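Read the structure below first, then the notes.
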There are 2 protein chains.
Amino acid sequence: MNEEMLKNQAKEEIPYKIYLTENEMPKAWYNVRADMKTKPAPLLNPATLKPMTFDELRHVFCDELVRQELDDTTAFFPIPEEVFNFYKMYRPSPLVRAYFLEKALGTPAKIYYKFEGNNTSGSHKLNSAIAQAYYAKKQGLKGVTTETGAGQWGTALSMACAFFGLDCHVFMVKCSYEQKPFRREVMRTYGASVTPSPSETTEAGRRILAEFPGTSGSLGCAISEAVEAAVGAEGYRYVLGSVLSQVLLHQSIIGLETKAALEKYNVKADVIIGCAGGGSNLGGLISPFMGEKLRGEADYRFIAVEPASCPSLTRGRYAYDFCDTGKVCPLSKMYTLGSSFIPSANHAGGLRYHGMSSILSELYHEGLMEAVSVEQTEVFAAAREFARTEGILPAPESSHAIRAAMDEALRCKASGKAETIVFGLTGTGYFDMTAYQKFNDGKMSDFIPTDADLAEGFAKLPQVD
Amino acid sequence: MNEEMLKNQAKEEIPYKIYLTENEMPKAWYNVRADMKTKPAPLLNPATLKPMTFDELRHVFCDELVRQELDDTTAFFPIPEEVFNFYKMYRPSPLVRAYFLEKALGTPAKIYYKFEGNNTSGSHKLNSAIAQAYYAKKQGLKGVTTETGAGQWGTALSMACAFFGLDCHVFMVKCSYEQKPFRREVMRTYGASVTPSPSETTEAGRRILAEFPGTSGSLGCAISEAVEAAVGAEGYRYVLGSVLSQVLLHQSIIGLETKAALEKYNVKADVIIGCAGGGSNLGGLISPFMGEKLRGEADYRFIAVEPASCPSLTRGRYAYDFCDTGKVCPLSKMYTLGSSFIPSANHAGGLRYHGMSSILSELYHEGLMEAVSVEQTEVFAAAREFARTEGILPAPESSHAIRAAMDEALRCKASGKAETIVFGLTGTGYFDMTAYQKFNDGKMSDFIPTDADLAEGFAKLPQVD
């Protein structure tokens with residue numbers, strides 16, 4: 001057989017969707033920090049500027065989650081049986097070969113995507129939500145509180161809490177609460193109580209309402225309310241859906257499954273791409289591959305894709321900053337635009353966080369990962385083309401990765417290289433049709449912050465180093 | 001090993017989700033009419049009361065689809081390669097073992113469901129849409145027209161037409177167009193043009209608007225407009241998402257996959273349950289099992305589940321009736337409530353059709369299938385319990401089958417029998433949160449038509465027999 005025939009044979013053998021069997025599902029999460037020579041900088045107590053201790057953190061988070069957060073040496077954490085059984089309801093997720101997209105682009109590249117949207121939360125968020133709810137239940141807690149913006153994390157946590165019989169209190173950014181009544185209603189169907197934030201139910205909320213009577217809320221404010229509600233109630237803890245190292249640990253299930261699926265068919269990825277807001281899906285997807293790279297076993301290109309309107313990696317500073325706008329959370333060293341940064345109102349969808357996971361920040365700082373930023377009109381153009389060729393209507397967030405994957409595939413077309421591109425398709429866009437409508441009507445525009453805009457945020461960074 | 005141990009071993013061997021491989025996917029659709037001793041009564045021309053001919057039907061439908069519609073003797077129709085490749089993007093769909101639901105109900109029954117909601121149309125409708133679009137493309141047509149109520153069929157057809165590069169014109173019932181802007185927007189994203197019906201673009205629409213200026217539309221009116229738009233335009237045909245025998249043929253993929261998945265694990269179903277509006281998903285699910293029953297190879301109970309507010313099988317007449325309210329379509333012999341019947345305004349979701357597939361009607365008439373009706377408050381209660389235990393937020397339509405499956409499982413609990421129950425979970429409820437909200441707020445009520453209500457519809461049945 002000549003090379004062409006071999007190529008064709010290989011192509012025929014790979015199905016459209018690679019599913020692992022239950023027996024092939026990963027039994028432990030992978031903690032990439034264990035293989036990092038330079039560990040991510042520790043969380044600092046903003047009052048003392050000393051690393052946060054277990055005892056300081058356990059008032060806010062469940063004990064086991066604090067242990068996971070602080071552990072940067074243990075490589076594998078076994079997935080508890082109850083969590084594993086829940087995973088079996090919606091995992092393994094398919095690794096899809098984008099045959100139709102390849103054909104539409106006319107590229108020699110082989111494109112794969114790990115599709116995490118086939119569950120009711122509509123995204124990968126459920127992977128960590130069920131773990132966090134499990135540890136809360138195991139600790140004998142009554143319930144958890146959290147914030148949600150677009151609503152994916154709140155939905156995932158509601159599902160997880162319904163499963164373990166935990167109270168779930170979600171502070172939902174007010175404008176989102178009003179614009180996305182369906183998201184709110186899914187959470188209520190799962191038994192969660194949903195409060196528009198800022199609210200009169202917390203001191204933080206009342207203070208903000210007094211100062212800005214007509215405010216439509218922000219994620220930073222909702223975090224402050226959720227933390228206050230948890231700390232002030234017996235038997236409650238606060239949980240978070242991204243940014244933290246514990247969340248990247250749980251999300252490593254994405255990368256572990258992807259790696260197992262590729263190995264099953266003897267495929268070696270060249271480029272691995274994910275969208276990046278706080279970093280949970282990207283970190284989860286690339287972790288096991290990055291582990292190989294860190295150990296010198298294999299090489300890959302990793303690309304983080306962020307919105308041009310919220311460019312924390314590509315234009316941010318690598319510095320200690322507050323994790324929240326309300327400055328009630330610890331300081332984290334990360335690429336940041338400043339905790340007061342809020343993306344332009346014309347930015348659709350998520351990926352609005354001002355900072356980035358400390359793990360990804362360190363990896364990027366060391367040059368182990370690349371980052372690109374893309375504008376939203378080109379993101380939605382990619383989303384629509386993907387929907388029409390691959391049959392899945394993607395979330396705006398996920399479409400950032402689609403855009404970058406298509407650009408890489410077109411680069412391959414120009415160079416004639418048949419590279420293997422893998423990207424994370426984190427979720428579906430069923431609750432984002434207002435943004436699609438704007439795009440379909442030709443009314444979507446781009447907004448890129450100026451250097452002067454960003455300088456404002458940098459000027460307010462806390463003085464730590 | 002004793003019996004208990006054997007049972008446990010068997011249980012462990014069956015995964016939460018059974019996926020067929022691509023190679024195990026059915027290669028041909030199954031036409032249950034081939035095995036029926038008494039064939040479904042033919043469609044009649046309302047003017048002549050004679051069976052509709054190929055030449056009469058081909059002005060409205062694609063040639064190949066007319067052939068499939070009229071063929072009641074060929075058992076298998078090969079699935080065209082292009083359709084099969086499209087199927088591979090979202091099929092095979094999983095056959096899920098409802099371990100958690102079984103546990104929550106405390107039933108010895110084994111419950112399986114075939115989940116058809118994991119695609120962007122959110123339901124099984126795509127199985128027929130892609131076939132119908134393919135035949136239209138193959139015939140060299142420019143495009144197709146159709147109507148949609150809740151929007152699942154319109155979405156599925158938009159996706160199929162985008163894939164084959166066909167024009168797609170959807171007449172969407174006006175109240176639905178206004179209440180479900182997201183559904184409309186998904187269709188537009190796939191390039192379909194969506195017109196609220198009744199509209200000024202057709203004679204039928206203008207006539208209805210003149211007569212009822214403030215009308216919010218009906219499926220019957222939208223059908224009339226879609227048929228007129230197709231017949232009046234060069235290179236266009238009309239397509240329909242349920243009721244017709246060709247649609248049940250395409251939907252047999254559901255049952256064929258279910259049967260293959262059960263056989264893979266040596267499982268024999270006792271009861272097979274599906275919701276029934278026009279009958280497309282139920283007919284598709286049960287067809288291959290019914291074939292076995294008709295050929296005397298195996299026995300099963302089949303249960304059609306319909307809304308108490310639209311009880312065509314349980315309370316309708318088996319008679320010739322118009323397929324549409326506007327009386328532009330042929331007459332079909334079926335269980336019907338009369339073509340003027342419209343379910344109470346408080347009925348949420350689909351399953352609103354006044355009649356039933358002629359195939360299912362004949363099978364029911366012969367006592368080969370049972371039917372039950374359920375009220376919507378108990379349907380939504382089942383939906384919520386299912387969402388919380390199995391992690392999938394079901395469509396209101398699908399939840400009729402869930403309700404009946406849970407009732408059967410509770411019957412098994414009372415009798416101690418460990419029967420195997422299989423039901424069709426046709427779709428997800430992400431676009432139906434307005435109905436869920438009503439239920440969550442305790443504002444949902446039931447409405448069952450009186451005998452006098454139904455007598456009105458029966459009085460208007462055409463005199464044929």
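Going by the structure tokens order, chains are called A, B, ..., each with residues numbered from 1, while ligands are numbered from 1 in the order shown.
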Quiz item: chain A residues within 8 Å of chain B, counting only C-alpha atoms: which ones, as a PyMOL selection string?
Solution: chain A and resi 15-17+22+88-89+118-120+159+162-163+182+185-186+188-190+384+387-393+430-431+433-434+436-437+440
Quiz item: Looking only at the backbone, which of the residues in segment 124-223 of chain A does DSSP tag as alpha helix (DSSP H), as number ranges by chain?
Solution: A: 126-138, 152-164, 174-179, 181-189, 203-211, 219-223
Exercise. Pick out the closest residue to Glu13 of chain A from this set: A:Ser445, A:Ser358, A:Asn266, A:Thr336. Count only C-alpha atoms.
Key: A:Asn266
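Reported to one decimal place, the separation of atom CA of Val271 of chain A from atom CA of Tyr300 of chain A is 5.8 Å.
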Self-check item: Distance query Ile303 of chain B at most 8 Å, only C-alpha atoms, self and fewer than 6 positions along chain excluded, as a PyMOL selection string
Solution: chain B and resi 271-274+369-372
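Among the candidate residues B:Ser312, B:Asn346, B:Ser357, B:Thr215, the one lying nearest to Thr377 of chain B is B:Asn346, with distances computed using only C-alpha atoms.
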Quiz item: Counting only C-alpha atoms, what is within 8 Å of Pro26 of chain B, bar same-chain residues fewer than 4 positions away, as a PyMOL selection string?
Solution: chain B and resi 253+256-257
Go ahead and write the residues just picked, N, CA, C and O atoms, as an mmCIF file, in the first residue's frame.
```cif
data_model
loop_
_atom_site.group_PDB
_atom_site.id
_atom_site.type_symbol
_atom_site.label_atom_id
_atom_site.label_comp_id
_atom_site.auth_asym_id
_atom_site.auth_seq_id
_atom_site.Cartn_x
_atom_site.Cartn_y
_atom_site.Cartn_z
ATOM 1 N N ILE B 253 -35.593 3.512 12.547
ATOM 2 C CA ILE B 253 -34.197 3.472 13.008
ATOM 3 C C ILE B 253 -34.142 3.436 14.534
ATOM 4 O O ILE B 253 -33.253 2.809 15.132
ATOM 5 N N LEU B 256 -35.035 -0.198 15.546
ATOM 6 C CA LEU B 256 -34.001 -1.138 15.088
ATOM 7 C C LEU B 256 -32.753 -1.044 15.971
ATOM 8 O O LEU B 256 -32.169 -2.054 16.352
ATOM 9 N N GLU B 257 -32.369 0.185 16.286
ATOM 10 C CA GLU B 257 -31.214 0.357 17.175
ATOM 11 C C GLU B 257 -31.516 -0.178 18.572
ATOM 12 O O GLU B 257 -30.662 -0.807 19.210
#
```
Quiz prompt | Near-Cys323 of chain A list (7 Å; only C-alpha atoms; drop same-chain fewer than 4 positions) as a VMD selection string | solution = chain A and resid 329 to 332 339
Please return, as a PDB file with N, CA, C and O atoms, in the first residue's frame, all residues of segment 158-304 of chain A that DSSP assigns to strand (DSSP E) on the basis of the backbone.
```
ATOM      1  N   ASP A 167     -29.316  21.314  49.737  1.00  0.00           N
ATOM      2  CA  ASP A 167     -29.830  22.634  49.390  1.00  0.00           C
ATOM      3  C   ASP A 167     -28.858  23.311  48.428  1.00  0.00           C
ATOM      4  O   ASP A 167     -27.645  23.155  48.567  1.00  0.00           O
ATOM      5  N   CYS A 168     -29.414  24.082  47.521  1.00  0.00           N
ATOM      6  CA  CYS A 168     -28.559  24.792  46.571  1.00  0.00           C
ATOM      7  C   CYS A 168     -29.089  26.207  46.421  1.00  0.00           C
ATOM      8  O   CYS A 168     -30.242  26.412  46.042  1.00  0.00           O
ATOM      9  N   HIS A 169     -28.265  27.164  46.767  1.00  0.00           N
ATOM     10  CA  HIS A 169     -28.677  28.564  46.687  1.00  0.00           C
ATOM     11  C   HIS A 169     -27.784  29.294  45.681  1.00  0.00           C
ATOM     12  O   HIS A 169     -26.594  29.440  45.897  1.00  0.00           O
ATOM     13  N   VAL A 170     -28.404  29.730  44.599  1.00  0.00           N
ATOM     14  CA  VAL A 170     -27.649  30.350  43.508  1.00  0.00           C
ATOM     15  C   VAL A 170     -27.924  31.847  43.441  1.00  0.00           C
ATOM     16  O   VAL A 170     -29.088  32.261  43.367  1.00  0.00           O
ATOM     17  N   PHE A 171     -26.877  32.644  43.499  1.00  0.00           N
ATOM     18  CA  PHE A 171     -27.007  34.081  43.243  1.00  0.00           C
ATOM     19  C   PHE A 171     -26.716  34.306  41.764  1.00  0.00           C
ATOM     20  O   PHE A 171     -25.598  34.071  41.301  1.00  0.00           O
ATOM     21  N   MET A 172     -27.753  34.733  41.055  1.00  0.00           N
ATOM     22  CA  MET A 172     -27.624  34.874  39.603  1.00  0.00           C
ATOM     23  C   MET A 172     -27.572  36.357  39.243  1.00  0.00           C
ATOM     24  O   MET A 172     -28.454  37.128  39.650  1.00  0.00           O
ATOM     25  N   VAL A 173     -26.545  36.727  38.502  1.00  0.00           N
ATOM     26  CA  VAL A 173     -26.380  38.131  38.101  1.00  0.00           C
ATOM     27  C   VAL A 173     -27.710  38.652  37.554  1.00  0.00           C
ATOM     28  O   VAL A 173     -28.310  38.027  36.677  1.00  0.00           O
ATOM     29  N   SER A 193     -32.839  27.269  44.847  1.00  0.00           N
ATOM     30  CA  SER A 193     -33.430  28.593  44.972  1.00  0.00           C
ATOM     31  C   SER A 193     -32.499  29.568  44.272  1.00  0.00           C
ATOM     32  O   SER A 193     -31.273  29.502  44.406  1.00  0.00           O
ATOM     33  N   VAL A 194     -33.081  30.434  43.478  1.00  0.00           N
ATOM     34  CA  VAL A 194     -32.306  31.345  42.642  1.00  0.00           C
ATOM     35  C   VAL A 194     -32.652  32.784  43.019  1.00  0.00           C
ATOM     36  O   VAL A 194     -33.824  33.165  42.992  1.00  0.00           O
ATOM     37  N   THR A 195     -31.636  33.559  43.408  1.00  0.00           N
ATOM     38  CA  THR A 195     -31.847  34.940  43.827  1.00  0.00           C
ATOM     39  C   THR A 195     -31.133  35.875  42.866  1.00  0.00           C
ATOM     40  O   THR A 195     -29.932  35.688  42.613  1.00  0.00           O
ATOM     41  N   PRO A 196     -31.864  36.863  42.331  1.00  0.00           N
ATOM     42  CA  PRO A 196     -31.166  37.838  41.470  1.00  0.00           C
ATOM     43  C   PRO A 196     -30.203  38.661  42.321  1.00  0.00           C
ATOM     44  O   PRO A 196     -30.543  39.080  43.425  1.00  0.00           O
ATOM     45  N   SER A 197     -29.002  38.868  41.799  1.00  0.00           N
ATOM     46  CA  SER A 197     -27.969  39.584  42.544  1.00  0.00           C
ATOM     47  C   SER A 197     -27.611  40.880  41.842  1.00  0.00           C
ATOM     48  O   SER A 197     -27.445  40.881  40.631  1.00  0.00           O
ATOM     49  N   TYR A 236     -23.313  25.205  55.745  1.00  0.00           N
ATOM     50  CA  TYR A 236     -23.233  25.583  54.320  1.00  0.00           C
ATOM     51  C   TYR A 236     -21.794  25.927  53.951  1.00  0.00           C
ATOM     52  O   TYR A 236     -21.009  26.371  54.795  1.00  0.00           O
ATOM     53  N   ARG A 237     -21.455  25.708  52.696  1.00  0.00           N
ATOM     54  CA  ARG A 237     -20.172  26.145  52.173  1.00  0.00           C
ATOM     55  C   ARG A 237     -20.397  26.754  50.798  1.00  0.00           C
ATOM     56  O   ARG A 237     -21.437  26.563  50.170  1.00  0.00           O
ATOM     57  N   TYR A 238     -19.366  27.488  50.378  1.00  0.00           N
ATOM     58  CA  TYR A 238     -19.399  28.142  49.070  1.00  0.00           C
ATOM     59  C   TYR A 238     -18.677  27.255  48.055  1.00  0.00           C
ATOM     60  O   TYR A 238     -17.689  26.607  48.398  1.00  0.00           O
ATOM     61  N   VAL A 271      -1.925  19.653  17.841  1.00  0.00           N
ATOM     62  CA  VAL A 271      -2.343  20.914  18.445  1.00  0.00           C
ATOM     63  C   VAL A 271      -3.581  20.656  19.303  1.00  0.00           C
ATOM     64  O   VAL A 271      -4.494  19.955  18.854  1.00  0.00           O
ATOM     65  N   ILE A 272      -3.627  21.202  20.494  1.00  0.00           N
ATOM     66  CA  ILE A 272      -4.805  21.051  21.358  1.00  0.00           C
ATOM     67  C   ILE A 272      -5.289  22.437  21.755  1.00  0.00           C
ATOM     68  O   ILE A 272      -4.516  23.266  22.248  1.00  0.00           O
ATOM     69  N   ILE A 273      -6.579  22.676  21.505  1.00  0.00           N
ATOM     70  CA  ILE A 273      -7.129  24.030  21.583  1.00  0.00           C
ATOM     71  C   ILE A 273      -8.338  24.076  22.507  1.00  0.00           C
ATOM     72  O   ILE A 273      -9.202  23.197  22.464  1.00  0.00           O
ATOM     73  N   GLY A 274      -8.414  25.093  23.333  1.00  0.00           N
ATOM     74  CA  GLY A 274      -9.618  25.269  24.157  1.00  0.00           C
ATOM     75  C   GLY A 274      -9.883  26.733  24.405  1.00  0.00           C
ATOM     76  O   GLY A 274      -8.961  27.562  24.387  1.00  0.00           O
ATOM     77  N   CYS A 275     -11.166  27.069  24.628  1.00  0.00           N
ATOM     78  CA  CYS A 275     -11.494  28.435  24.994  1.00  0.00           C
ATOM     79  C   CYS A 275     -11.099  28.635  26.461  1.00  0.00           C
ATOM     80  O   CYS A 275     -11.034  27.678  27.234  1.00  0.00           O
ATOM     81  N   ARG A 301       1.456  21.381  20.802  1.00  0.00           N
ATOM     82  CA  ARG A 301       1.154  22.818  20.912  1.00  0.00           C
ATOM     83  C   ARG A 301      -0.180  22.939  21.643  1.00  0.00           C
ATOM     84  O   ARG A 301      -1.133  22.212  21.349  1.00  0.00           O
ATOM     85  N   PHE A 302      -0.237  23.835  22.600  1.00  0.00           N
ATOM     86  CA  PHE A 302      -1.503  24.110  23.298  1.00  0.00           C
ATOM     87  C   PHE A 302      -1.898  25.547  23.011  1.00  0.00           C
ATOM     88  O   PHE A 302      -1.054  26.449  23.100  1.00  0.00           O
ATOM     89  N   ILE A 303      -3.155  25.760  22.673  1.00  0.00           N
ATOM     90  CA  ILE A 303      -3.598  27.129  22.377  1.00  0.00           C
ATOM     91  C   ILE A 303      -4.817  27.493  23.217  1.00  0.00           C
ATOM     92  O   ILE A 303      -5.863  26.842  23.131  1.00  0.00           O
ATOM     93  N   ALA A 304      -4.659  28.518  24.027  1.00  0.00           N
ATOM     94  CA  ALA A 304      -5.793  29.090  24.761  1.00  0.00           C
ATOM     95  C   ALA A 304      -6.434  30.162  23.891  1.00  0.00           C
ATOM     96  O   ALA A 304      -5.722  30.989  23.314  1.00  0.00           O
TER      97      ALA A 304
END
```
Quiz item: From the set A:Asp63, A:Glu366, A:Glu378, A:Glu419, which residue has the shortest atom-to-atom contact distance to Arg403 of chain A, counting only C-alpha atoms?
Solution: A:Glu378
Quiz item: Neighbours of Asp451 of chain B within 12 Å (only C-alpha atoms; same-chain residues fewer than 6 positions away dropped), as a PyMOL selection string?
Solution: chain B and resi 309+311+315-316+337+457-458
Those selected residues, please, written with C-alpha atoms and delivered as a CSV table (one decimal), in the first residue's frame.
```csv
chain,number,residue,atom,x,y,z
B,309,SER,CA,-56.6,16.6,26.8
B,311,PRO,CA,-57.2,11.5,23.5
B,315,ARG,CA,-61.6,8.3,23.1
B,316,GLY,CA,-61.5,8.9,19.3
B,337,LEU,CA,-61.2,13.5,17.3
B,457,GLY,CA,-65.9,16.9,16.4
B,458,PHE,CA,-67.4,13.5,15.6
```
Close residues, segment 287-289 of chain B itself excluded, 10 Å, only C-alpha atoms, min 4 positions apart in chain, as a tab-separated table (two decimals) with C-alpha atoms, in the first residue's frame:
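Dumped to out-v1.tsv:
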```tsv
chain	number	residue	atom	x	y	z
B	29	TRP	CA	-35.35	1.05	7.51
B	30	TYR	CA	-38.09	-1.42	8.35
B	31	ASN	CA	-41.61	-1.05	6.99
B	32	VAL	CA	-43.97	-2.74	9.46
B	33	ARG	CA	-46.83	-2.68	6.95
B	35	ASP	CA	-45.89	-7.83	8.03
B	248	LEU	CA	-42.75	5.94	10.54
B	249	LEU	CA	-40.52	4.10	8.08
B	251	GLN	CA	-38.24	6.52	12.40
B	252	SER	CA	-37.91	2.74	12.50
B	253	ILE	CA	-34.20	3.47	13.01
B	254	ILE	CA	-35.15	4.11	16.67
B	255	GLY	CA	-36.64	0.66	17.14
B	256	LEU	CA	-34.00	-1.14	15.09
B	257	GLU	CA	-31.21	0.36	17.18
B	258	THR	CA	-33.11	-0.39	20.38
B	259	LYS	CA	-33.61	-4.00	19.35
B	269	ALA	CA	-38.34	-6.45	26.64
B	272	ILE	CA	-42.55	-1.05	25.18
B	281	ASN	CA	-41.72	8.16	17.42
B	282	LEU	CA	-43.98	5.45	18.82
B	283	GLY	CA	-44.37	3.84	15.43
B	293	LYS	CA	-45.21	-10.12	17.15
B	294	LEU	CA	-47.01	-10.07	13.80
B	295	ARG	CA	-44.82	-12.90	12.56
B	297	GLU	CA	-41.80	-14.84	16.79
B	298	ALA	CA	-42.14	-13.01	20.09
B	299	ASP	CA	-44.72	-11.28	22.22
B	300	TYR	CA	-44.64	-7.82	23.72
B	301	ARG	CA	-47.05	-5.36	25.28
B	302	PHE	CA	-47.05	-2.02	23.48
B	359	ILE	CA	-50.51	2.23	10.81
B	360	LEU	CA	-50.82	2.66	14.56
```
Quiz item: Separation of atom CA of Pro213 of chain A and atom CA of Gly149 of chain A, in Å?
Solution: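 These two atoms are separated by 19.7 Å.
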Quiz item: What does the distance between atom CA of Leu70 of chain A and atom CA of Thr325 of chain A come to in Å, to one decimal place?
Solution: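 Going from atom CA of Leu70 of chain A over to atom CA of Thr325 of chain A, I get 23.0 Å.
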Quiz item: For Lys114 of chain B, which of B:Thr426, B:Gln132, B:Ser344, B:Thr450 is the closest residue, counting only C-alpha atoms?
Solution: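 Going through B:Thr426, B:Gln132, B:Ser344, B:Thr450 one by one, the smallest distance to Lys114 of chain B is for B:Thr426.
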